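Source file: upload03.tsv; contents: TSV, N, CA and C atoms and all ligand atoms.
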```
chain	number	residue	atom	x	y	z
A	9	MET	N	-19.86	14.66	-67.68
A	9	MET	CA	-21.25	14.72	-67.25
A	9	MET	C	-22.17	14.80	-68.46
A	10	ASP	N	-21.90	15.82	-69.28
A	10	ASP	CA	-22.83	16.14	-70.37
A	10	ASP	C	-22.58	15.21	-71.55
A	11	GLY	N	-22.81	13.93	-71.35
A	11	GLY	CA	-22.46	12.96	-72.36
A	11	GLY	C	-23.18	13.10	-73.67
A	12	HIS	N	-24.49	13.24	-73.61
A	12	HIS	CA	-25.23	13.22	-74.86
A	12	HIS	C	-25.41	14.62	-75.42
A	13	LYS	N	-25.10	14.75	-76.68
A	13	LYS	CA	-25.30	16.03	-77.35
A	13	LYS	C	-26.69	16.05	-77.94
A	14	LYS	N	-27.37	17.20	-77.77
A	14	LYS	CA	-28.67	17.31	-78.42
A	14	LYS	C	-28.45	17.51	-79.91
A	15	SER	N	-29.12	16.72	-80.69
A	15	SER	CA	-28.99	16.90	-82.13
A	15	SER	C	-29.93	18.03	-82.56
A	16	ASP	N	-29.38	19.23	-82.61
A	16	ASP	CA	-30.20	20.38	-82.94
A	16	ASP	C	-30.23	20.59	-84.44
A	17	GLY	N	-30.86	19.66	-85.10
A	17	GLY	CA	-31.02	19.82	-86.54
A	17	GLY	C	-31.81	21.07	-86.87
A	18	SER	N	-32.62	21.51	-85.89
A	18	SER	CA	-33.44	22.69	-86.11
A	18	SER	C	-32.59	23.94	-86.29
A	19	LEU	N	-31.45	23.99	-85.63
A	19	LEU	CA	-30.63	25.20	-85.68
A	19	LEU	C	-30.14	25.50	-87.09
A	20	ALA	N	-29.84	24.44	-87.83
A	20	ALA	CA	-29.29	24.64	-89.18
A	20	ALA	C	-30.27	25.39	-90.08
A	21	GLY	N	-31.55	25.25	-89.79
A	21	GLY	CA	-32.55	25.92	-90.62
A	21	GLY	C	-32.81	27.37	-90.25
A	22	LEU	N	-32.16	27.83	-89.19
A	22	LEU	CA	-32.43	29.21	-88.72
A	22	LEU	C	-31.42	30.19	-89.31
A	23	SER	N	-31.87	31.40	-89.53
A	23	SER	CA	-30.97	32.46	-89.97
A	23	SER	C	-30.09	32.87	-88.80
A	24	ALA	N	-28.98	33.54	-89.10
A	24	ALA	CA	-28.08	34.01	-88.04
A	24	ALA	C	-28.84	34.94	-87.10
A	25	ARG	N	-29.71	35.73	-87.65
A	25	ARG	CA	-30.52	36.65	-86.84
A	25	ARG	C	-31.42	35.86	-85.88
A	26	ALA	N	-32.05	34.81	-86.40
A	26	ALA	CA	-32.93	33.98	-85.57
A	26	ALA	C	-32.12	33.23	-84.51
A	27	LEU	N	-30.92	32.83	-84.88
A	27	LEU	CA	-30.05	32.15	-83.91
A	27	LEU	C	-29.71	33.08	-82.75
A	28	ARG	N	-29.42	34.32	-83.08
A	28	ARG	CA	-29.08	35.28	-82.02
A	28	ARG	C	-30.28	35.56	-81.14
A	29	ALA	N	-31.46	35.61	-81.75
A	29	ALA	CA	-32.68	35.83	-80.97
A	29	ALA	C	-32.92	34.65	-80.04
A	30	ARG	N	-32.68	33.43	-80.57
A	30	ARG	CA	-32.85	32.24	-79.74
A	30	ARG	C	-31.86	32.24	-78.58
A	31	ARG	N	-30.65	32.66	-78.87
A	31	ARG	CA	-29.62	32.72	-77.83
A	31	ARG	C	-30.03	33.71	-76.72
A	32	ALA	N	-30.59	34.83	-77.13
A	32	ALA	CA	-31.03	35.83	-76.15
A	32	ALA	C	-32.15	35.27	-75.28
A	33	GLN	N	-33.05	34.49	-75.88
A	33	GLN	CA	-34.14	33.87	-75.11
A	33	GLN	C	-33.60	32.88	-74.10
A	34	LEU	N	-32.64	32.06	-74.55
A	34	LEU	CA	-32.04	31.07	-73.66
A	34	LEU	C	-31.34	31.76	-72.49
A	35	LEU	N	-30.63	32.82	-72.81
A	35	LEU	CA	-29.88	33.56	-71.80
A	35	LEU	C	-30.83	34.14	-70.74
A	36	ALA	N	-31.97	34.62	-71.21
A	36	ALA	CA	-32.95	35.23	-70.30
A	36	ALA	C	-33.54	34.19	-69.35
A	37	ARG	N	-33.51	32.91	-69.77
A	37	ARG	CA	-34.09	31.85	-68.93
A	37	ARG	C	-33.09	31.30	-67.91
A	38	LEU	N	-31.84	31.71	-68.02
A	38	LEU	CA	-30.84	31.22	-67.07
A	38	LEU	C	-31.20	31.68	-65.66
A	39	PRO	N	-31.20	30.75	-64.70
A	39	PRO	CA	-31.50	31.15	-63.33
A	39	PRO	C	-30.31	31.90	-62.72
A	40	ASN	N	-30.54	32.48	-61.56
A	40	ASN	CA	-29.47	33.12	-60.81
A	40	ASN	C	-28.41	32.07	-60.46
A	41	LEU	N	-27.23	32.24	-61.01
A	41	LEU	CA	-26.21	31.21	-60.84
A	41	LEU	C	-25.53	31.26	-59.47
A	42	GLY	N	-25.91	32.22	-58.66
A	42	GLY	CA	-25.38	32.27	-57.31
A	42	GLY	C	-25.78	31.05	-56.49
A	43	GLY	N	-26.87	30.39	-56.91
A	43	GLY	CA	-27.32	29.20	-56.19
A	43	GLY	C	-26.79	27.92	-56.79
A	44	TYR	N	-25.85	28.05	-57.73
A	44	TYR	CA	-25.38	26.86	-58.45
A	44	TYR	C	-24.77	25.82	-57.51
A	45	LEU	N	-25.18	24.59	-57.71
A	45	LEU	CA	-24.69	23.49	-56.88
A	45	LEU	C	-24.57	22.26	-57.76
A	46	GLY	N	-23.34	21.86	-58.02
A	46	GLY	CA	-23.14	20.69	-58.88
A	46	GLY	C	-23.39	19.41	-58.10
A	47	GLY	N	-23.64	18.34	-58.82
A	47	GLY	CA	-23.81	17.05	-58.17
A	47	GLY	C	-25.24	16.56	-58.30
A	48	SER	N	-25.47	15.37	-57.75
A	48	SER	CA	-26.81	14.80	-57.80
A	48	SER	C	-27.14	14.21	-56.44
A	49	LEU	N	-28.45	14.16	-56.15
A	49	LEU	CA	-28.87	13.69	-54.83
A	49	LEU	C	-29.00	12.17	-54.81
A	50	VAL	N	-28.54	11.59	-53.73
A	50	VAL	CA	-28.72	10.16	-53.53
A	50	VAL	C	-29.20	9.94	-52.10
A	51	GLU	N	-29.91	8.83	-51.90
A	51	GLU	CA	-30.34	8.47	-50.56
A	51	GLU	C	-29.62	7.19	-50.16
A	52	GLN	N	-29.17	7.17	-48.93
A	52	GLN	CA	-28.51	5.96	-48.43
A	52	GLN	C	-28.97	5.65	-47.02
A	53	SER	N	-29.09	4.38	-46.73
A	53	SER	CA	-29.36	3.93	-45.37
A	53	SER	C	-28.04	3.44	-44.78
A	54	ARG	N	-27.92	3.62	-43.46
A	54	ARG	CA	-26.63	3.36	-42.83
A	54	ARG	C	-26.75	2.47	-41.61
A	55	ARG	N	-25.63	1.83	-41.32
A	55	ARG	CA	-25.45	1.10	-40.07
A	55	ARG	C	-24.65	1.99	-39.14
A	56	CYS	N	-25.10	2.13	-37.88
A	56	CYS	CA	-24.36	3.02	-36.96
A	56	CYS	C	-23.18	2.30	-36.32
A	57	GLY	N	-23.24	0.98	-36.28
A	57	GLY	CA	-22.10	0.25	-35.73
A	57	GLY	C	-22.23	-0.13	-34.26
A	58	LYS	N	-23.24	0.44	-33.57
A	58	LYS	CA	-23.41	0.09	-32.17
A	58	LYS	C	-23.91	-1.34	-32.05
A	59	PRO	N	-23.23	-2.12	-31.21
A	59	PRO	CA	-23.68	-3.51	-31.06
A	59	PRO	C	-25.07	-3.55	-30.41
A	60	GLY	N	-25.92	-4.41	-30.87
A	60	GLY	CA	-27.25	-4.52	-30.28
A	60	GLY	C	-28.25	-3.57	-30.88
A	61	CYS	N	-27.80	-2.63	-31.71
A	61	CYS	CA	-28.73	-1.69	-32.35
A	61	CYS	C	-29.55	-2.44	-33.40
A	62	ARG	N	-30.75	-1.96	-33.67
A	62	ARG	CA	-31.62	-2.61	-34.63
A	62	ARG	C	-30.96	-2.71	-36.02
A	63	CYS	N	-30.03	-1.77	-36.30
A	63	CYS	CA	-29.43	-1.78	-37.63
A	63	CYS	C	-28.50	-2.98	-37.82
A	64	ALA	N	-28.00	-3.52	-36.69
A	64	ALA	CA	-27.13	-4.68	-36.80
A	64	ALA	C	-27.89	-5.86	-37.40
A	65	GLY	N	-29.21	-5.87	-37.14
A	65	GLY	CA	-30.05	-6.93	-37.69
A	65	GLY	C	-30.56	-6.64	-39.08
A	66	GLY	N	-30.12	-5.54	-39.66
A	66	GLY	CA	-30.51	-5.24	-41.02
A	66	GLY	C	-31.52	-4.11	-41.15
A	67	ASP	N	-32.05	-3.64	-40.00
A	67	ASP	CA	-33.01	-2.53	-40.03
A	67	ASP	C	-32.22	-1.22	-39.99
A	68	LEU	N	-31.78	-0.79	-41.14
A	68	LEU	CA	-30.82	0.31	-41.22
A	68	LEU	C	-31.44	1.66	-40.85
A	69	HIS	N	-30.58	2.61	-40.47
A	69	HIS	CA	-31.01	3.98	-40.19
A	69	HIS	C	-31.14	4.74	-41.51
A	70	GLY	N	-32.07	5.68	-41.49
A	70	GLY	CA	-32.24	6.50	-42.68
A	70	GLY	C	-33.51	6.15	-43.42
A	71	PRO	N	-33.62	6.38	-44.69
A	71	PRO	CA	-32.51	6.85	-45.54
A	71	PRO	C	-32.13	8.31	-45.29
A	72	TYR	N	-30.85	8.60	-45.47
A	72	TYR	CA	-30.33	9.96	-45.38
A	72	TYR	C	-30.04	10.46	-46.78
A	73	VAL	N	-30.11	11.76	-46.91
A	73	VAL	CA	-29.87	12.38	-48.22
A	73	VAL	C	-28.42	12.85	-48.30
A	74	TYR	N	-27.79	12.55	-49.43
A	74	TYR	CA	-26.42	13.00	-49.69
A	74	TYR	C	-26.36	13.65	-51.05
A	75	LEU	N	-25.44	14.57	-51.18
A	75	LEU	CA	-25.15	15.15	-52.48
A	75	LEU	C	-23.90	14.44	-53.01
A	76	SER	N	-24.07	13.79	-54.13
A	76	SER	CA	-22.94	13.09	-54.75
A	76	SER	C	-22.24	14.07	-55.69
A	77	VAL	N	-21.00	14.39	-55.35
A	77	VAL	CA	-20.27	15.37	-56.15
A	77	VAL	C	-19.06	14.70	-56.80
A	78	GLY	N	-18.75	15.15	-57.99
A	78	GLY	CA	-17.65	14.57	-58.74
A	78	GLY	C	-16.34	14.79	-58.02
A	79	LYS	N	-15.39	13.91	-58.27
A	79	LYS	CA	-14.05	14.11	-57.73
A	79	LYS	C	-13.50	15.35	-58.42
A	80	GLY	N	-12.25	15.53	-58.56
A	80	GLY	CA	-11.78	16.67	-59.32
A	80	GLY	C	-11.62	17.92	-58.48
A	81	GLY	N	-12.69	18.37	-57.86
A	81	GLY	CA	-12.61	19.60	-57.07
A	81	GLY	C	-11.92	19.40	-55.74
A	82	GLY	N	-11.52	18.20	-55.44
A	82	GLY	CA	-10.85	17.94	-54.17
A	82	GLY	C	-11.85	17.54	-53.10
A	83	ARG	N	-13.15	17.80	-53.33
A	83	ARG	CA	-14.17	17.47	-52.35
A	83	ARG	C	-15.12	16.45	-52.93
A	84	GLY	N	-14.55	15.44	-53.56
A	84	GLY	CA	-15.39	14.44	-54.20
A	84	GLY	C	-16.06	13.55	-53.19
A	85	GLY	N	-17.05	12.80	-53.68
A	85	GLY	CA	-17.70	11.84	-52.80
A	85	GLY	C	-19.09	12.28	-52.42
A	86	LEU	N	-19.50	11.84	-51.24
A	86	LEU	CA	-20.84	12.13	-50.77
A	86	LEU	C	-20.80	13.20	-49.68
A	87	VAL	N	-21.63	14.21	-49.84
A	87	VAL	CA	-21.74	15.26	-48.83
A	87	VAL	C	-23.10	15.12	-48.17
A	88	TYR	N	-23.11	14.98	-46.86
A	88	TYR	CA	-24.37	14.81	-46.13
A	88	TYR	C	-25.23	16.06	-46.25
A	89	VAL	N	-26.51	15.89	-46.51
A	89	VAL	CA	-27.46	17.00	-46.58
A	89	VAL	C	-28.40	16.90	-45.38
A	90	PRO	N	-28.28	17.82	-44.44
A	90	PRO	CA	-29.18	17.78	-43.27
A	90	PRO	C	-30.63	17.88	-43.73
A	91	ALA	N	-31.52	17.20	-43.01
A	91	ALA	CA	-32.93	17.16	-43.41
A	91	ALA	C	-33.51	18.56	-43.58
A	92	ALA	N	-33.07	19.49	-42.72
A	92	ALA	CA	-33.62	20.84	-42.78
A	92	ALA	C	-33.25	21.55	-44.08
A	93	LEU	N	-32.19	21.07	-44.74
A	93	LEU	CA	-31.74	21.71	-45.97
A	93	LEU	C	-32.08	20.91	-47.21
A	94	ALA	N	-32.74	19.78	-47.03
A	94	ALA	CA	-32.96	18.87	-48.16
A	94	ALA	C	-33.80	19.53	-49.27
A	95	ASP	N	-34.85	20.26	-48.87
A	95	ASP	CA	-35.69	20.89	-49.88
A	95	ASP	C	-34.91	21.94	-50.67
A	96	LEU	N	-34.16	22.74	-49.96
A	96	LEU	CA	-33.37	23.79	-50.61
A	96	LEU	C	-32.35	23.17	-51.57
A	97	VAL	N	-31.65	22.16	-51.09
A	97	VAL	CA	-30.62	21.53	-51.92
A	97	VAL	C	-31.26	20.86	-53.14
A	98	THR	N	-32.40	20.21	-52.93
A	98	THR	CA	-33.11	19.58	-54.05
A	98	THR	C	-33.46	20.62	-55.12
A	99	GLU	N	-33.95	21.75	-54.66
A	99	GLU	CA	-34.31	22.83	-55.57
A	99	GLU	C	-33.08	23.36	-56.31
A	100	ARG	N	-31.98	23.53	-55.58
A	100	ARG	CA	-30.76	24.07	-56.17
A	100	ARG	C	-30.13	23.10	-57.17
A	101	VAL	N	-30.22	21.82	-56.86
A	101	VAL	CA	-29.66	20.82	-57.78
A	101	VAL	C	-30.45	20.81	-59.09
A	102	ALA	N	-31.79	20.92	-58.98
A	102	ALA	CA	-32.63	20.94	-60.18
A	102	ALA	C	-32.36	22.21	-60.99
A	103	LEU	N	-32.23	23.32	-60.28
A	103	LEU	CA	-31.94	24.59	-60.93
A	103	LEU	C	-30.58	24.54	-61.66
A	104	SER	N	-29.63	23.89	-61.03
A	104	SER	CA	-28.30	23.79	-61.62
A	104	SER	C	-28.32	22.92	-62.87
A	105	GLN	N	-29.11	21.85	-62.82
A	105	GLN	CA	-29.23	20.99	-64.00
A	105	GLN	C	-29.86	21.78	-65.16
A	106	SER	N	-30.89	22.58	-64.87
A	106	SER	CA	-31.52	23.34	-65.93
A	106	SER	C	-30.55	24.40	-66.46
A	107	ALA	N	-29.71	24.95	-65.59
A	107	ALA	CA	-28.70	25.91	-66.04
A	107	ALA	C	-27.71	25.23	-66.99
A	108	ARG	N	-27.29	24.01	-66.64
A	108	ARG	CA	-26.36	23.29	-67.52
A	108	ARG	C	-27.01	22.99	-68.87
A	109	ASP	N	-28.31	22.61	-68.84
A	109	ASP	CA	-29.02	22.34	-70.09
A	109	ASP	C	-29.07	23.60	-70.96
A	110	LEU	N	-29.39	24.73	-70.32
A	110	LEU	CA	-29.48	25.99	-71.06
A	110	LEU	C	-28.12	26.38	-71.64
A	111	LEU	N	-27.07	26.22	-70.85
A	111	LEU	CA	-25.73	26.55	-71.34
A	111	LEU	C	-25.36	25.65	-72.52
A	112	GLY	N	-25.78	24.40	-72.46
A	112	GLY	CA	-25.53	23.49	-73.57
A	112	GLY	C	-26.23	23.95	-74.84
A	113	GLU	N	-27.46	24.47	-74.68
A	113	GLU	CA	-28.21	24.96	-75.83
A	113	GLU	C	-27.60	26.25	-76.38
A	114	ILE	N	-27.14	27.11	-75.47
A	114	ILE	CA	-26.48	28.34	-75.91
A	114	ILE	C	-25.20	28.00	-76.66
A	115	SER	N	-24.47	27.02	-76.15
A	115	SER	CA	-23.25	26.58	-76.83
A	115	SER	C	-23.56	26.04	-78.23
A	116	ALA	N	-24.67	25.31	-78.34
A	116	ALA	CA	-25.05	24.76	-79.65
A	116	ALA	C	-25.33	25.88	-80.65
A	117	VAL	N	-26.00	26.93	-80.16
A	117	VAL	CA	-26.28	28.09	-81.03
A	117	VAL	C	-24.96	28.74	-81.45
A	118	ASN	N	-24.06	28.91	-80.49
A	118	ASN	CA	-22.79	29.55	-80.80
A	118	ASN	C	-21.94	28.70	-81.74
A	119	LEU	N	-22.03	27.38	-81.59
A	119	LEU	CA	-21.29	26.50	-82.50
A	119	LEU	C	-21.83	26.63	-83.92
A	120	GLU	N	-23.16	26.75	-84.02
A	120	GLU	CA	-23.76	26.93	-85.34
A	120	GLU	C	-23.30	28.26	-85.95
A	121	LEU	N	-23.27	29.30	-85.13
A	121	LEU	CA	-22.80	30.62	-85.61
A	121	LEU	C	-21.32	30.53	-86.00
A	122	LEU	N	-20.56	29.80	-85.22
A	122	LEU	CA	-19.13	29.64	-85.52
A	122	LEU	C	-18.94	28.95	-86.85
A	123	ALA	N	-19.72	27.88	-87.07
A	123	ALA	CA	-19.59	27.12	-88.31
A	123	ALA	C	-19.90	28.01	-89.53
A	124	ARG	N	-20.71	29.03	-89.32
A	124	ARG	CA	-21.07	29.94	-90.43
A	124	ARG	C	-20.18	31.18	-90.46
A	125	ARG	N	-19.17	31.23	-89.59
A	125	ARG	CA	-18.34	32.42	-89.45
A	125	ARG	C	-19.17	33.63	-89.06
A	126	GLU	N	-20.24	33.36	-88.31
A	126	GLU	CA	-21.13	34.45	-87.90
A	126	GLU	C	-21.02	34.74	-86.40
A	127	LEU	N	-20.09	34.03	-85.77
A	127	LEU	CA	-19.91	34.26	-84.34
A	127	LEU	C	-19.26	35.62	-84.15
A	128	GLU	N	-19.86	36.40	-83.26
A	128	GLU	CA	-19.29	37.75	-83.06
A	128	GLU	C	-18.91	37.91	-81.61
B	1	ZN	ZN	-27.85	1.52	-35.49
```

Let's see the structure in the file written out as structure tokens.
Ligand SMILES: [Zn+2]
Amino acid sequence: MDGHKKSDGSLAGLSARALRARRAQLLARLPNLGGYLGGSLVEQSRRCGKPGCRCAGGDLHGPYVYLSVGKGGGRGGLVYVPAALADLVTERVALSQSARDLLGEISAVNLELLARRELE
């Protein structure tokens, strides 16, 4: 997922003390991970399959919202998101992405500390 690494050239210029302070700031910004939800939202329109239905002529039903989740966990694929939960799931997916970004930044700080033998 996390294909691109942020080139944190800025970190190299910071003291170990400043790096630890930055790490504490990042940590404080982490959202409550109890709401963590991996995956990304996609919309799809569907054919119901009933003969004579408008969708048979190309006027599809939807769009419906799905959560696209990676394989691996055994529950890969698309998970239907009921309309009543779409706002909540959208919020949780965005929150989860920001959590991953923050963890990536914390990791970058720790890697810098490691490279300096300052990781504690
Ligand atoms: Zn139909």

For this session: Using only C-alpha atoms, collect all residues at a distance of at most 10 Å from (-28.6, -4.2, -42.2) as written in the file, then present them as a PyMOL selection string.
Result: chain A and resi 53-56+62-69

For this session: Write out as a VMD selection string all residues of chain A that DSSP puts in alpha helix (DSSP H) for this structure's backbone.
Result: chain A and resid 17 to 20 24 to 37 94 to 123

Problem set entry | Leu127 in chain A surroundings by all atoms listed in the file, 6.5 Å radius, close-in-sequence under 5 positions cut, as a PyMOL selection string | chain A and resi 118+121-122

Exercise. Could you name the residues that touch Ile114 in chain A at 8 Å or less, counting only C-alpha atoms, but leaving out those on the same chain fewer than 3 positions away, as a PyMOL selection string?
Worked result: chain A and resi 31+34-35+110-111+117-118

Problem set entry | Å distance separating atom C of Tyr74 in chain A from CA of Ala94 in chain A, one decimal place |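 Going from atom C of Tyr74 in chain A over to CA of Ala94 in chain A covers 8.9 Å.
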
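Considering only range 11-90 of chain A, backbone DSSP assigns strand (DSSP E or B) to Ser48, Leu49, Val50, Glu51, Gln52, Ser53, Arg54, His69, Gly70, Pro71, Tyr72, Val73, Tyr74, Leu75, Ser76, Val77, Gly85, Leu86, Val87, Tyr88 and Val89 of chain A.
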
Only N, CA and C atoms, please: the residues just picked out, written as a PDB file, keeping the file's coordinate frame.
```
ATOM      1  N   SER A  48     -25.470  15.370 -57.750  1.00  0.00           N
ATOM      2  CA  SER A  48     -26.810  14.800 -57.800  1.00  0.00           C
ATOM      3  C   SER A  48     -27.140  14.210 -56.440  1.00  0.00           C
ATOM      4  N   LEU A  49     -28.450  14.160 -56.150  1.00  0.00           N
ATOM      5  CA  LEU A  49     -28.870  13.690 -54.830  1.00  0.00           C
ATOM      6  C   LEU A  49     -29.000  12.170 -54.810  1.00  0.00           C
ATOM      7  N   VAL A  50     -28.540  11.590 -53.730  1.00  0.00           N
ATOM      8  CA  VAL A  50     -28.720  10.160 -53.530  1.00  0.00           C
ATOM      9  C   VAL A  50     -29.200   9.940 -52.100  1.00  0.00           C
ATOM     10  N   GLU A  51     -29.910   8.830 -51.900  1.00  0.00           N
ATOM     11  CA  GLU A  51     -30.340   8.470 -50.560  1.00  0.00           C
ATOM     12  C   GLU A  51     -29.620   7.190 -50.160  1.00  0.00           C
ATOM     13  N   GLN A  52     -29.170   7.170 -48.930  1.00  0.00           N
ATOM     14  CA  GLN A  52     -28.510   5.960 -48.430  1.00  0.00           C
ATOM     15  C   GLN A  52     -28.970   5.650 -47.020  1.00  0.00           C
ATOM     16  N   SER A  53     -29.090   4.380 -46.730  1.00  0.00           N
ATOM     17  CA  SER A  53     -29.360   3.930 -45.370  1.00  0.00           C
ATOM     18  C   SER A  53     -28.040   3.440 -44.780  1.00  0.00           C
ATOM     19  N   ARG A  54     -27.920   3.620 -43.460  1.00  0.00           N
ATOM     20  CA  ARG A  54     -26.630   3.360 -42.830  1.00  0.00           C
ATOM     21  C   ARG A  54     -26.750   2.470 -41.610  1.00  0.00           C
ATOM     22  N   HIS A  69     -30.580   2.610 -40.470  1.00  0.00           N
ATOM     23  CA  HIS A  69     -31.010   3.980 -40.190  1.00  0.00           C
ATOM     24  C   HIS A  69     -31.140   4.740 -41.510  1.00  0.00           C
ATOM     25  N   GLY A  70     -32.070   5.680 -41.490  1.00  0.00           N
ATOM     26  CA  GLY A  70     -32.240   6.500 -42.680  1.00  0.00           C
ATOM     27  C   GLY A  70     -33.510   6.150 -43.420  1.00  0.00           C
ATOM     28  N   PRO A  71     -33.620   6.380 -44.690  1.00  0.00           N
ATOM     29  CA  PRO A  71     -32.510   6.850 -45.540  1.00  0.00           C
ATOM     30  C   PRO A  71     -32.130   8.310 -45.290  1.00  0.00           C
ATOM     31  N   TYR A  72     -30.850   8.600 -45.470  1.00  0.00           N
ATOM     32  CA  TYR A  72     -30.330   9.960 -45.380  1.00  0.00           C
ATOM     33  C   TYR A  72     -30.040  10.460 -46.780  1.00  0.00           C
ATOM     34  N   VAL A  73     -30.110  11.760 -46.910  1.00  0.00           N
ATOM     35  CA  VAL A  73     -29.870  12.380 -48.220  1.00  0.00           C
ATOM     36  C   VAL A  73     -28.420  12.850 -48.300  1.00  0.00           C
ATOM     37  N   TYR A  74     -27.790  12.550 -49.430  1.00  0.00           N
ATOM     38  CA  TYR A  74     -26.420  13.000 -49.690  1.00  0.00           C
ATOM     39  C   TYR A  74     -26.360  13.650 -51.050  1.00  0.00           C
ATOM     40  N   LEU A  75     -25.440  14.570 -51.180  1.00  0.00           N
ATOM     41  CA  LEU A  75     -25.150  15.150 -52.480  1.00  0.00           C
ATOM     42  C   LEU A  75     -23.900  14.440 -53.010  1.00  0.00           C
ATOM     43  N   SER A  76     -24.070  13.790 -54.130  1.00  0.00           N
ATOM     44  CA  SER A  76     -22.940  13.090 -54.750  1.00  0.00           C
ATOM     45  C   SER A  76     -22.240  14.070 -55.690  1.00  0.00           C
ATOM     46  N   VAL A  77     -21.000  14.390 -55.350  1.00  0.00           N
ATOM     47  CA  VAL A  77     -20.270  15.370 -56.150  1.00  0.00           C
ATOM     48  C   VAL A  77     -19.060  14.700 -56.800  1.00  0.00           C
ATOM     49  N   GLY A  85     -17.050  12.800 -53.680  1.00  0.00           N
ATOM     50  CA  GLY A  85     -17.700  11.840 -52.800  1.00  0.00           C
ATOM     51  C   GLY A  85     -19.090  12.280 -52.420  1.00  0.00           C
ATOM     52  N   LEU A  86     -19.500  11.840 -51.240  1.00  0.00           N
ATOM     53  CA  LEU A  86     -20.840  12.130 -50.770  1.00  0.00           C
ATOM     54  C   LEU A  86     -20.800  13.200 -49.680  1.00  0.00           C
ATOM     55  N   VAL A  87     -21.630  14.210 -49.840  1.00  0.00           N
ATOM     56  CA  VAL A  87     -21.740  15.260 -48.830  1.00  0.00           C
ATOM     57  C   VAL A  87     -23.100  15.120 -48.170  1.00  0.00           C
ATOM     58  N   TYR A  88     -23.110  14.980 -46.860  1.00  0.00           N
ATOM     59  CA  TYR A  88     -24.370  14.810 -46.130  1.00  0.00           C
ATOM     60  C   TYR A  88     -25.230  16.060 -46.250  1.00  0.00           C
ATOM     61  N   VAL A  89     -26.510  15.890 -46.510  1.00  0.00           N
ATOM     62  CA  VAL A  89     -27.460  17.000 -46.580  1.00  0.00           C
ATOM     63  C   VAL A  89     -28.400  16.900 -45.380  1.00  0.00           C
TER      64      VAL A  89
END
```

Problem set entry | Selected residue, from A:Cys61, A:Leu38, A:Leu75, A:Val101, that lies nearest to ligand ZN 1 (chain B) when counting only N, CA and C atoms and all ligand atoms |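 Comparing A:Cys61, A:Leu38, A:Leu75, A:Val101 against ligand ZN 1 (chain B), the winner is A:Cys61.
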
Problem set entry | Nearest residue to ligand ZN 1 (chain B) from the set A:Leu19, A:Ala26, A:Gly57, A:Gln33 (distances using only C-alpha atoms and all ligand atoms) |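 Closest to ligand ZN 1 (chain B) of all the choices is A:Gly57.
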
Seminar exercise, completed: Leu45 in chain A proximity check over A:Ser115, A:Ser18, A:Ser104, A:Ser76, using only N, CA and C atoms: winner is A:Ser104

Centre, edges in Å (one decimal): axis-aligned box, range 64-77 of chain A, 5 Å padding on all six sides, as AutoDock Vina command-line options:
```
--center_x -26.3 --center_y 4.2 --center_z -46.7 --size_x 24.6 --size_y 32.3 --size_z 30.1
```
